[in-house]
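Heads up: the structure comes next, in structure tokens.
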Amino acid sequence: MAKQAKTRRTCKQGHTYYKSSDCPVCPVCEQQRQIEEDFLIAIAAPARRALENQGITSLDKLATFREKEILNLHGMGPGSIPKLKQKLQEKGLAFKA
Ligand SMILES: [Zn+2]
């Protein structure tokens with residue numbers, strides 16, 4: 001069994017990483033995808049539906065709204081806002097000012 005050397009790669013988003021396998025998955029993109037999926041899991045179901053009804057299924061999209069607009073959505077509770085803020089922060093984003 002030949003041992004594969006790690007090769008330096010750059011993904012479509014411009015992240016540089018090292019992988020020894022043929023797996024093309026970039027670990028940086030993978031982690032960001034995980035954060036994207038987590039943000040809807042982190043909040044209560046009615047709040048999640050409220051976001052999905054507005055087509056907000058990503059943090060990038062969420063960041064185009066004001067905090068007040070999100071809070072006014074039917075089903076959105078004030079308890080979900082700090083969680084959403086935290087998830088935005090994890091990705092280096094924030095609610096629209
Ligand atoms: Zn990447």
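Residues are named by chain letter and number: chains run A, B, ... in the order of the structure tokens, numbers start at 1 in each chain, and ligands are numbered from 1 in the order shown.
A distance cut-off of 8 Å from ligand 1, applied to only C-alpha atoms and all ligand atoms, picks out the residues Thr10, Cys11, Lys12, Gln13, Gly14, His15, Thr16, Val25, Cys26, Pro27, Val28, Cys29 and Glu30 of chain A.
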Using only C-alpha atoms, which residues sit within 7 Å of Ala63 of chain A once same-chain residues fewer than 6 positions away are excluded, as an MDAnalysis selection string?
chainID A and resid 93:96
Sel. of strand (DSSP E or B) residues, chain A, as a list in words:
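Output for chain A, strand (DSSP E or B) only: Thr7, Arg8, Arg9, Thr10, Thr16, Tyr17, Tyr18, Lys19, Arg66 and Lys96 of chain A.
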Residues near Cys23 of chain A, cut-off 12 Å, only C-alpha atoms, skip fewer than 5 positions along chain, as a list in words:
Lys6, Thr7, Arg9, Cys11, Tyr17 and Tyr18 of chain A
Would you save the residues from that selection as a PDB file, in the first residue's frame, using N, CA and C atoms?
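What landed in out_22.pdb:
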ATOM      1  N   LYS A   6       0.744  14.364   1.436  1.00  0.00           N
ATOM      2  CA  LYS A   6      -0.261  15.428   1.485  1.00  0.00           C
ATOM      3  C   LYS A   6       0.059  16.479   0.431  1.00  0.00           C
ATOM      4  N   THR A   7      -0.976  16.866  -0.256  1.00  0.00           N
ATOM      5  CA  THR A   7      -0.764  17.888  -1.273  1.00  0.00           C
ATOM      6  C   THR A   7      -1.496  19.168  -0.894  1.00  0.00           C
ATOM      7  N   ARG A   9      -3.744  22.231  -1.591  1.00  0.00           N
ATOM      8  CA  ARG A   9      -4.850  22.505  -2.507  1.00  0.00           C
ATOM      9  C   ARG A   9      -5.495  23.842  -2.182  1.00  0.00           C
ATOM     10  N   CYS A  11      -9.359  25.579  -2.610  1.00  0.00           N
ATOM     11  CA  CYS A  11     -10.737  25.331  -3.024  1.00  0.00           C
ATOM     12  C   CYS A  11     -11.268  26.522  -3.820  1.00  0.00           C
ATOM     13  N   TYR A  17      -5.564  24.353   1.852  1.00  0.00           N
ATOM     14  CA  TYR A  17      -5.549  23.249   2.807  1.00  0.00           C
ATOM     15  C   TYR A  17      -4.721  22.097   2.275  1.00  0.00           C
ATOM     16  N   TYR A  18      -4.391  21.171   3.176  1.00  0.00           N
ATOM     17  CA  TYR A  18      -3.584  20.021   2.807  1.00  0.00           C
ATOM     18  C   TYR A  18      -4.387  18.748   2.974  1.00  0.00           C
TER      19      TYR A  18
END
